>>> print(open('start_4.cif').read())   # mmCIF, C-alpha atoms and all ligand atoms
data_protein
#
loop_
_atom_site.group_PDB
_atom_site.id
_atom_site.type_symbol
_atom_site.label_atom_id
_atom_site.label_comp_id
_atom_site.auth_asym_id
_atom_site.auth_seq_id
_atom_site.Cartn_x
_atom_site.Cartn_y
_atom_site.Cartn_z
ATOM 1 C CA MET W 1 175.372 96.833 -169.491
ATOM 2 C CA ALA W 2 174.606 99.513 -166.978
ATOM 3 C CA VAL W 3 176.906 100.092 -164.032
ATOM 4 C CA ILE W 4 174.990 100.626 -160.788
ATOM 5 C CA ARG W 5 176.780 102.996 -158.430
ATOM 6 C CA ARG W 6 176.292 105.624 -155.764
ATOM 7 C CA GLU W 7 175.018 109.001 -156.951
ATOM 8 C CA ALA W 8 177.780 111.608 -156.846
ATOM 9 C CA SER W 9 177.019 115.301 -156.414
ATOM 10 C CA SER W 10 177.966 115.804 -160.064
ATOM 11 C CA ASP W 11 175.142 113.384 -161.067
ATOM 12 C CA THR W 12 172.382 115.147 -159.160
ATOM 13 C CA ALA W 13 171.199 117.565 -161.843
ATOM 14 C CA VAL W 14 171.002 114.777 -164.437
ATOM 15 C CA ALA W 15 169.188 112.448 -162.027
ATOM 16 C CA ASP W 16 166.712 115.229 -161.192
ATOM 17 C CA ALA W 17 166.113 115.795 -164.918
ATOM 18 C CA ILE W 18 165.416 112.076 -165.478
ATOM 19 C CA VAL W 19 162.824 112.146 -162.670
ATOM 20 C CA ALA W 20 161.248 115.315 -164.039
ATOM 21 C CA ALA W 21 161.018 113.850 -167.549
ATOM 22 C CA ALA W 22 159.526 110.577 -166.270
ATOM 23 C CA PHE W 23 156.907 112.017 -163.921
ATOM 24 C CA GLY W 24 156.275 115.563 -165.079
ATOM 25 C CA PRO W 25 155.203 118.453 -162.858
ATOM 26 C CA GLY W 26 152.246 116.449 -161.508
ATOM 27 C CA ARG W 27 154.655 114.519 -159.269
ATOM 28 C CA PHE W 28 154.663 117.282 -156.677
ATOM 29 C CA ALA W 29 150.960 116.697 -156.016
ATOM 30 C CA LYS W 30 151.504 113.078 -154.988
ATOM 31 C CA SER W 31 151.104 112.000 -151.388
ATOM 32 C CA ALA W 32 154.619 110.571 -151.430
ATOM 33 C CA TYR W 33 155.936 114.074 -152.069
ATOM 34 C CA ARG W 34 154.235 115.371 -148.911
ATOM 35 C CA LEU W 35 156.498 112.982 -147.014
ATOM 36 C CA ARG W 36 159.604 114.279 -148.776
ATOM 37 C CA GLU W 37 159.076 118.010 -148.382
ATOM 38 C CA GLY W 38 161.684 119.479 -146.072
ATOM 39 C CA VAL W 39 163.333 116.108 -145.540
ATOM 40 C CA GLY W 40 166.657 115.044 -146.998
ATOM 41 C CA CYS W 41 166.847 111.730 -148.820
ATOM 42 C CA VAL W 42 168.926 108.861 -147.473
ATOM 43 C CA ALA W 43 172.170 109.842 -149.189
ATOM 44 C CA GLU W 44 173.781 106.378 -148.870
ATOM 45 C CA LEU W 45 170.931 104.921 -150.923
ATOM 46 C CA SER W 46 170.870 107.387 -153.819
ATOM 47 C CA PHE W 47 172.158 105.367 -156.752
ATOM 48 C CA VAL W 48 172.421 105.877 -160.480
ATOM 49 C CA ALA W 49 172.742 103.558 -163.453
ATOM 50 C CA GLU W 50 175.440 104.572 -165.895
ATOM 51 C CA GLU W 51 176.127 103.372 -169.423
ATOM 52 C CA GLY W 52 179.404 104.675 -170.742
ATOM 53 C CA ALA W 53 179.417 108.276 -169.578
ATOM 54 C CA ARG W 54 175.625 108.564 -169.636
ATOM 55 C CA ILE W 55 173.415 108.446 -166.540
ATOM 56 C CA VAL W 56 170.360 106.428 -167.603
ATOM 57 C CA GLY W 57 168.586 105.779 -164.311
ATOM 58 C CA THR W 58 168.151 107.013 -160.776
ATOM 59 C CA VAL W 59 166.723 105.792 -157.502
ATOM 60 C CA ARG W 60 166.425 107.584 -154.186
ATOM 61 C CA TYR W 61 164.932 106.725 -150.823
ATOM 62 C CA TRP W 62 163.391 108.836 -148.100
ATOM 63 C CA PRO W 63 163.269 108.089 -144.399
ATOM 64 C CA VAL W 64 159.759 107.750 -142.941
ATOM 65 C CA LEU W 65 158.139 106.697 -139.703
ATOM 66 C CA ILE W 66 155.373 104.101 -139.740
ATOM 67 C CA GLY W 67 153.444 104.307 -136.503
ATOM 68 C CA GLY W 68 156.610 105.807 -135.042
ATOM 69 C CA LYS W 69 158.963 103.100 -136.324
ATOM 70 C CA ALA W 70 161.740 103.916 -138.787
ATOM 71 C CA ALA W 71 161.335 102.686 -142.343
ATOM 72 C CA LEU W 72 162.289 103.705 -145.854
ATOM 73 C CA MET W 73 160.161 104.915 -148.732
ATOM 74 C CA LEU W 74 161.525 103.900 -152.141
ATOM 75 C CA GLY W 75 161.324 106.448 -154.886
ATOM 76 C CA PRO W 76 161.390 108.194 -157.101
ATOM 77 C CA ILE W 77 162.876 105.615 -159.454
ATOM 78 C CA ALA W 78 163.114 106.418 -163.138
ATOM 79 C CA ILE W 79 164.913 105.255 -166.238
ATOM 80 C CA VAL W 80 165.444 107.359 -169.382
ATOM 81 C CA ALA W 81 162.777 106.579 -171.981
ATOM 82 C CA ASP W 82 165.080 104.974 -174.530
ATOM 83 C CA ARG W 83 166.595 102.549 -172.002
ATOM 84 C CA GLN W 84 163.441 101.273 -170.310
ATOM 85 C CA GLY W 85 162.659 97.561 -170.392
ATOM 86 C CA GLN W 86 166.303 96.457 -170.066
ATOM 87 C CA GLY W 87 166.137 95.447 -166.402
ATOM 88 C CA ILE W 88 167.925 98.588 -165.241
ATOM 89 C CA ALA W 89 165.335 99.608 -162.646
ATOM 90 C CA LEU W 90 165.269 96.098 -161.247
ATOM 91 C CA ALA W 91 169.063 96.130 -160.961
ATOM 92 C CA LEU W 92 168.921 99.535 -159.229
ATOM 93 C CA MET W 93 166.370 98.197 -156.745
ATOM 94 C CA GLN W 94 168.218 94.944 -156.083
ATOM 95 C CA THR W 95 171.503 96.759 -155.409
ATOM 96 C CA THR W 96 169.996 99.433 -153.198
ATOM 97 C CA LEU W 97 167.702 97.103 -151.251
ATOM 98 C CA ALA W 98 170.716 94.895 -150.469
ATOM 99 C CA GLU W 99 172.645 97.987 -149.379
ATOM 100 C CA ALA W 100 169.725 99.200 -147.247
ATOM 101 C CA LYS W 101 169.595 95.846 -145.483
ATOM 102 C CA LYS W 102 173.358 95.893 -144.989
ATOM 103 C CA ILE W 103 173.305 99.297 -143.308
ATOM 104 C CA GLY W 104 170.528 98.252 -140.950
ATOM 105 C CA HIS W 105 167.234 99.382 -142.458
ATOM 106 C CA ARG W 106 164.340 97.092 -141.626
ATOM 107 C CA ALA W 107 161.454 97.779 -143.991
ATOM 108 C CA VAL W 108 160.653 99.633 -147.214
ATOM 109 C CA ILE W 109 157.371 100.952 -148.565
ATOM 110 C CA LEU W 110 156.461 102.560 -151.859
ATOM 111 C CA VAL W 111 153.471 103.660 -153.889
ATOM 112 C CA GLY W 112 153.512 101.868 -157.228
ATOM 113 C CA ASP W 113 152.260 99.044 -159.417
ATOM 114 C CA GLU W 114 152.339 95.672 -157.661
ATOM 115 C CA PRO W 115 152.855 93.668 -160.892
ATOM 116 C CA TYR W 116 156.097 95.547 -161.457
ATOM 117 C CA TYR W 117 157.461 96.012 -157.935
ATOM 118 C CA GLY W 118 156.563 92.426 -157.093
ATOM 119 C CA ARG W 119 159.618 91.551 -159.176
ATOM 120 C CA ALA W 120 161.754 93.169 -156.479
ATOM 121 C CA GLY W 121 159.851 91.434 -153.676
ATOM 122 C CA PHE W 122 157.237 94.071 -152.829
ATOM 123 C CA ALA W 123 153.684 93.082 -151.957
ATOM 124 C CA ARG W 124 150.514 94.967 -151.152
ATOM 125 C CA ILE W 125 150.261 95.993 -147.508
ATOM 126 C CA GLN W 126 147.427 94.095 -145.915
ATOM 127 C CA PRO W 127 144.950 94.415 -144.500
ATOM 128 C CA VAL W 128 144.191 97.740 -146.151
ATOM 129 C CA GLY W 129 144.226 100.414 -143.460
ATOM 130 C CA ARG W 130 146.893 98.828 -141.268
ATOM 131 C CA ILE W 131 149.346 101.363 -142.637
ATOM 132 C CA THR W 132 147.898 104.648 -143.840
ATOM 133 C CA MET W 133 149.288 107.485 -145.920
ATOM 134 C CA PRO W 134 148.773 111.102 -144.852
ATOM 135 C CA GLY W 135 147.114 112.027 -148.160
ATOM 136 C CA PRO W 136 144.963 110.406 -150.800
ATOM 137 C CA VAL W 137 146.419 107.175 -152.160
ATOM 138 C CA ASP W 138 145.137 104.104 -153.958
ATOM 139 C CA TYR W 139 145.789 101.477 -151.294
ATOM 140 C CA ALA W 140 146.138 98.762 -153.930
ATOM 141 C CA ARG W 141 149.374 100.599 -154.778
ATOM 142 C CA LEU W 142 150.763 100.886 -151.250
ATOM 143 C CA LEU W 143 153.408 98.168 -151.238
ATOM 144 C CA GLY W 144 155.978 97.008 -148.747
ATOM 145 C CA LEU W 145 158.978 94.772 -148.215
ATOM 146 C CA SER W 146 160.631 93.581 -145.009
ATOM 147 C CA LEU W 147 164.424 93.636 -145.056
ATOM 148 C CA VAL W 148 164.420 91.873 -141.698
ATOM 149 C CA ASP W 149 161.971 89.006 -141.257
ATOM 150 C CA GLY W 150 158.621 90.233 -139.948
ATOM 151 C CA ALA W 151 159.706 93.875 -139.655
ATOM 152 C CA LEU W 152 156.996 95.362 -141.847
ATOM 153 C CA GLU W 153 154.305 93.082 -140.439
ATOM 154 C CA ALA W 154 155.099 94.546 -137.010
ATOM 155 C CA MET W 155 154.388 98.073 -138.240
ATOM 156 C CA ALA W 156 151.006 99.784 -138.214
ATOM 157 C CA GLY W 157 149.724 103.341 -138.237
ATOM 158 C CA GLU W 158 150.251 106.452 -140.269
ATOM 159 C CA VAL W 159 153.293 107.052 -142.420
ATOM 160 C CA ARG W 160 154.875 110.313 -141.324
ATOM 161 C CA LYS W 161 157.989 112.328 -142.084
ATOM 162 C CA ALA W 162 160.987 110.901 -140.311
ATOM 163 C CA ARG W 163 162.736 114.168 -139.633
ATOM 164 C CA ILE W 164 163.036 117.677 -140.863
ATOM 165 C CA THR W 165 166.468 118.323 -142.264
ATOM 166 C CA ALA W 166 167.843 121.818 -141.955
ATOM 167 C CA THR W 167 170.307 121.212 -144.757
ATOM 168 C CA VAL W 168 168.069 119.516 -147.279
ATOM 169 C CA ALA W 169 169.727 121.284 -150.191
ATOM 170 C CA ALA W 170 173.064 119.833 -149.131
ATOM 171 C CA ALA W 171 171.602 116.346 -149.330
ATOM 172 C CA GLY W 172 171.353 116.871 -153.078
ATOM 173 C CA CYS W 173 167.812 115.634 -153.495
ATOM 174 C CA ALA W 174 165.557 118.154 -151.856
ATOM 175 C CA LEU W 175 162.799 117.891 -154.405
ATOM 176 C CA GLY W 176 163.193 114.285 -155.563
HETATM 177 C C1 LIG W 201 158.874 101.994 -164.210
HETATM 178 C C2 LIG W 201 160.353 102.073 -164.597
HETATM 179 C C3 LIG W 201 161.172 102.675 -163.437
HETATM 180 C C4 LIG W 201 160.838 100.660 -164.879
HETATM 181 O O1 LIG W 201 162.188 100.729 -165.292
HETATM 182 P P1 LIG W 201 162.786 99.674 -166.322
HETATM 183 O O2 LIG W 201 164.265 99.699 -166.217
HETATM 184 O O3 LIG W 201 162.176 99.925 -167.656
HETATM 185 O O4 LIG W 201 162.209 98.329 -165.701
HETATM 186 P P2 LIG W 201 162.773 96.887 -165.916
HETATM 187 O O5 LIG W 201 163.520 96.822 -167.209
HETATM 188 O O6 LIG W 201 163.418 96.445 -164.675
HETATM 189 O O7 LIG W 201 161.419 96.082 -166.078
HETATM 190 C C5 LIG W 201 160.708 96.244 -167.260
HETATM 191 C C6 LIG W 201 159.556 95.278 -167.242
HETATM 192 O O8 LIG W 201 158.602 95.722 -166.287
HETATM 193 C C7 LIG W 201 157.373 95.983 -166.933
HETATM 194 N N1 LIG W 201 156.773 97.167 -166.325
HETATM 195 C C8 LIG W 201 157.250 98.424 -166.348
HETATM 196 N N2 LIG W 201 156.404 99.230 -165.686
HETATM 197 C C9 LIG W 201 155.390 98.444 -165.250
HETATM 198 C C10 LIG W 201 154.207 98.697 -164.538
HETATM 199 N N3 LIG W 201 153.921 99.918 -164.102
HETATM 200 N N4 LIG W 201 153.392 97.650 -164.244
HETATM 201 C C11 LIG W 201 153.679 96.402 -164.671
HETATM 202 N N5 LIG W 201 154.794 96.112 -165.381
HETATM 203 C C12 LIG W 201 155.642 97.129 -165.659
HETATM 204 C C13 LIG W 201 157.732 96.214 -168.377
HETATM 205 O O9 LIG W 201 156.642 95.921 -169.207
HETATM 206 C C14 LIG W 201 158.861 95.227 -168.581
HETATM 207 O O10 LIG W 201 158.338 93.914 -168.722
HETATM 208 P P3 LIG W 201 159.166 92.739 -169.481
HETATM 209 O O11 LIG W 201 160.405 92.509 -168.663
HETATM 210 O O12 LIG W 201 158.223 91.595 -169.411
HETATM 211 O O13 LIG W 201 159.456 93.249 -170.847
HETATM 212 C C15 LIG W 201 160.578 102.883 -165.890
HETATM 213 O O14 LIG W 201 159.800 102.324 -166.912
HETATM 214 C C16 LIG W 201 160.281 104.350 -165.746
HETATM 215 O O15 LIG W 201 161.162 105.144 -165.431
HETATM 216 N N6 LIG W 201 159.034 104.752 -165.989
HETATM 217 C C17 LIG W 201 158.615 106.114 -165.850
HETATM 218 C C18 LIG W 201 158.627 106.520 -164.406
HETATM 219 C C19 LIG W 201 157.789 105.615 -163.536
HETATM 220 O O16 LIG W 201 156.649 105.262 -163.903
HETATM 221 N N7 LIG W 201 158.359 105.225 -162.375
HETATM 222 C C20 LIG W 201 157.703 104.363 -161.413
HETATM 223 C C21 LIG W 201 156.675 105.110 -160.645
HETATM 224 S S1 LIG W 201 155.842 104.165 -159.445
#
>>> encode(input="start_4.cif", output="structure tokens")
Amino acid sequence: MAVIRREASSDTAVADAIVAAAFGPGRFAKSAYRLREGVGCVAELSFVAEEGARIVGTVRYWPVLIGGKAALMLGPIAIVADRQGQGIALALMQTTLAEAKKIGHRAVILVGDEPYYGRAGFARIQPVGRITMPGPVDYARLLGLSLVDGALEAMAGEVRKARITATVAAAGCALG
């Protein structure tokens, strides 16, 4: 059974390697990456899944603004190939979404498959066009979740970078 815990600085290289193996170099071309460039992740929400001494999964979140209102963007999330399908990603999401709510975040978006992320409570943002991404995206894959009742429904407009972080490297997840 995987232990879900905060990412420590000593885990960062392994977590980065899991993301790189899962998504390949093409990940940097994604619209979600435009929103991460030059911005530090939300360090309190970087978690790993560990089995024995092995890191088998990672999740990170980035801060964004939706029409000027603060929200989170989930991802990247990745599990090592030989441990997929064991519920580890779902456990990572459940733990971190509960933590995000606890520390006061109101809404989370992501770009991903609704049939999968629906398991963690995400649904397609509707109507299409209410919330827009700054680059090309398949809007059937733009999903959201309110952590506070009605929070996401009250948001509209373009998703933009929340802040530029001078010390991104220190945040440990500059590239995601
Ligand atoms: C997607 C990913 C994070 C899921 O992690 P995981 O720990 O294997 O997921 P879980 O065990 O919680 O859930 C697995 C279930 O979800 C299903 N599933 C996985 N990806 C899915 C998808 N894209 N669409 C629909 N269902 C999906 C699996 O078939 C499995 O179904 P089952 O429970 O009926 O057997 C993992 O497979 C991964 O790292 N993939 C490569 C990177 C990636 O695609 N990340 C997401 C980008 S949006």
>>> closest_atom_pairs(input="start_4.cif", of="chain W", to="ligand LIG 201 (chain W)", cutoff="8 Å", atoms="only C-alpha atoms and all ligand atoms", output="JSON lines")
{"residue": "W:Val19", "atom": "CA", "partner": "W:LIG201", "partner_atom": "C18", "distance": 7.2}
{"residue": "W:Ala22", "atom": "CA", "partner": "W:LIG201", "partner_atom": "C18", "distance": 4.6}
{"residue": "W:Phe23", "atom": "CA", "partner": "W:LIG201", "partner_atom": "C18", "distance": 5.8}
{"residue": "W:Gly57", "atom": "CA", "partner": "W:LIG201", "partner_atom": "O15", "distance": 7.5}
{"residue": "W:Gly75", "atom": "CA", "partner": "W:LIG201", "partner_atom": "S1", "distance": 7.5}
{"residue": "W:Pro76", "atom": "CA", "partner": "W:LIG201", "partner_atom": "C21", "distance": 6.7}
{"residue": "W:Ile77", "atom": "CA", "partner": "W:LIG201", "partner_atom": "C3", "distance": 5.2}
{"residue": "W:Ala78", "atom": "CA", "partner": "W:LIG201", "partner_atom": "O15", "distance": 3.3}
{"residue": "W:Ile79", "atom": "CA", "partner": "W:LIG201", "partner_atom": "O15", "distance": 3.8}
{"residue": "W:Val80", "atom": "CA", "partner": "W:LIG201", "partner_atom": "O15", "distance": 6.2}
{"residue": "W:Ala81", "atom": "CA", "partner": "W:LIG201", "partner_atom": "O15", "distance": 6.9}
{"residue": "W:Arg83", "atom": "CA", "partner": "W:LIG201", "partner_atom": "O3", "distance": 6.7}
{"residue": "W:Gln84", "atom": "CA", "partner": "W:LIG201", "partner_atom": "O3", "distance": 3.2}
{"residue": "W:Gly85", "atom": "CA", "partner": "W:LIG201", "partner_atom": "O5", "distance": 3.4}
{"residue": "W:Gln86", "atom": "CA", "partner": "W:LIG201", "partner_atom": "O5", "distance": 4.0}
{"residue": "W:Gly87", "atom": "CA", "partner": "W:LIG201", "partner_atom": "O5", "distance": 3.1}
{"residue": "W:Ile88", "atom": "CA", "partner": "W:LIG201", "partner_atom": "O2", "distance": 3.9}
{"residue": "W:Ala89", "atom": "CA", "partner": "W:LIG201", "partner_atom": "O2", "distance": 3.7}
{"residue": "W:Leu90", "atom": "CA", "partner": "W:LIG201", "partner_atom": "O6", "distance": 3.9}
{"residue": "W:Ala91", "atom": "CA", "partner": "W:LIG201", "partner_atom": "O6", "distance": 6.8}
{"residue": "W:Leu110", "atom": "CA", "partner": "W:LIG201", "partner_atom": "S1", "distance": 7.8}
{"residue": "W:Val111", "atom": "CA", "partner": "W:LIG201", "partner_atom": "S1", "distance": 6.1}
{"residue": "W:Gly112", "atom": "CA", "partner": "W:LIG201", "partner_atom": "S1", "distance": 4.0}
{"residue": "W:Asp113", "atom": "CA", "partner": "W:LIG201", "partner_atom": "N3", "distance": 5.0}
{"residue": "W:Glu114", "atom": "CA", "partner": "W:LIG201", "partner_atom": "N4", "distance": 7.0}
{"residue": "W:Pro115", "atom": "CA", "partner": "W:LIG201", "partner_atom": "C11", "distance": 4.7}
{"residue": "W:Tyr116", "atom": "CA", "partner": "W:LIG201", "partner_atom": "C11", "distance": 4.1}
{"residue": "W:Tyr117", "atom": "CA", "partner": "W:LIG201", "partner_atom": "N4", "distance": 7.7}
>>> axis_aligned_box(input="start_4.cif", around="region 137-147 of chain W", padding_each_side="3 Å", output="JSON")
{"center_x": 154.8, "center_y": 100.4, "center_z": -149.9, "size_x": 25.3, "size_y": 19.6, "size_z": 15.8}
>>> atom_distance(input="start_4.cif", atom1="CA of Gly129 (chain W)", atom2="CA of Gly157 (chain W)")
8.1 Å
>>> atom_distance(input="start_4.cif", atom1="CA of Gly121 (chain W)", atom2="CA of Leu145 (chain W)")
6.5 Å
>>> resolve_selection(input="start_4.cif", expression="the PyMOL selection byres (((chain W and resi 59-63) around 6) and not hetatm)", output="list of chain:residue names")
W:Cys41, W:Val42, W:Ser46, W:Phe47, W:Thr58, W:Val64, W:Leu72, W:Met73, W:Leu74, W:Gly75, W:Pro76, W:Ile77, W:Ala162
>>> closest_residue(input="start_4.cif", among="W:Arg36, W:Met1, W:Ala20, W:His105", to="Arg54 (chain W)", atoms="all atoms listed in the file")
W:Met1
>>> residues_around(input="start_4.cif", residues="Asp149 (chain W)", least_positions_apart="2", cutoff="12 Å", atoms="all atoms listed in the file", output="ChimeraX atom specification")
/W:101,105-107,145-147,151-154
>>> atom_distance(input="start_4.cif", atom1="CA of Thr96 (chain W)", atom2="CA of Ala43 (chain W)")
11.4 Å
>>> resolve_selection(input="start_4.cif", expression="the PyMOL selection byres (((chain W and resi 65) around 6) and not hetatm)", output="list in words")
Val64, Ile66, Gly68, Lys69, Ala70, Ala71, Val159, Arg160 and Ala162 of chain W
>>> residues_around(input="start_4.cif", residues="Gly144 (chain W)", least_positions_apart="4", cutoff="7 Å", atoms="all atoms listed in the file", output="count of residues only")
7
>>> residues_around(input="start_4.cif", residues="Tyr33 (chain W)", least_positions_apart="4", cutoff="10 Å", atoms="all atoms listed in the file", output="number ranges by chain")
W: 27-29, 37-38, 62, 75-76, 135, 175-176
>>> decode(input="start_4.cif", residues="region 151-165 of chain W", atoms="N, CA and C atoms", output="short mmCIF file (atom, residue, chain, number, x, y, z; two decimals), in the first residue's frame")
data_model
loop_
_atom_site.label_atom_id
_atom_site.label_comp_id
_atom_site.auth_asym_id
_atom_site.auth_seq_id
_atom_site.Cartn_x
_atom_site.Cartn_y
_atom_site.Cartn_z
N ALA W 151 -17.86 27.93 -5.82
CA ALA W 151 -16.69 28.79 -6.09
C ALA W 151 -16.31 28.80 -7.58
N LEU W 152 -16.27 27.63 -8.18
CA LEU W 152 -15.87 27.58 -9.58
C LEU W 152 -16.95 28.18 -10.49
N GLU W 153 -18.19 27.94 -10.13
CA GLU W 153 -19.31 28.45 -10.93
C GLU W 153 -19.28 29.99 -10.96
N ALA W 154 -18.68 30.59 -9.94
CA ALA W 154 -18.62 32.05 -9.87
C ALA W 154 -17.42 32.60 -10.64
N MET W 155 -16.65 31.72 -11.27
CA MET W 155 -15.47 32.18 -12.00
C MET W 155 -15.70 32.13 -13.50
N ALA W 156 -15.20 33.15 -14.19
CA ALA W 156 -15.30 33.20 -15.64
C ALA W 156 -14.14 34.03 -16.17
N GLY W 157 -13.74 33.74 -17.40
CA GLY W 157 -12.66 34.53 -18.01
C GLY W 157 -11.46 33.67 -18.31
N GLU W 158 -10.37 34.34 -18.65
CA GLU W 158 -9.18 33.62 -19.06
C GLU W 158 -8.38 33.13 -17.85
N VAL W 159 -7.81 31.95 -18.01
CA VAL W 159 -6.88 31.43 -17.01
C VAL W 159 -5.53 32.08 -17.28
N ARG W 160 -4.99 32.71 -16.24
CA ARG W 160 -3.68 33.36 -16.39
C ARG W 160 -2.75 32.93 -15.27
N LYS W 161 -1.46 33.25 -15.46
CA LYS W 161 -0.48 32.95 -14.41
C LYS W 161 -0.83 33.73 -13.16
N ALA W 162 -0.68 33.07 -12.02
CA ALA W 162 -1.03 33.75 -10.78
C ALA W 162 0.03 34.76 -10.38
N ARG W 163 1.28 34.38 -10.53
CA ARG W 163 2.35 35.27 -10.11
C ARG W 163 3.66 34.76 -10.72
N ILE W 164 4.55 35.67 -10.88
CA ILE W 164 5.89 35.27 -11.31
C ILE W 164 6.72 35.14 -10.05
N THR W 165 7.39 34.01 -9.93
CA THR W 165 8.18 33.75 -8.74
C THR W 165 9.65 33.94 -9.06
#
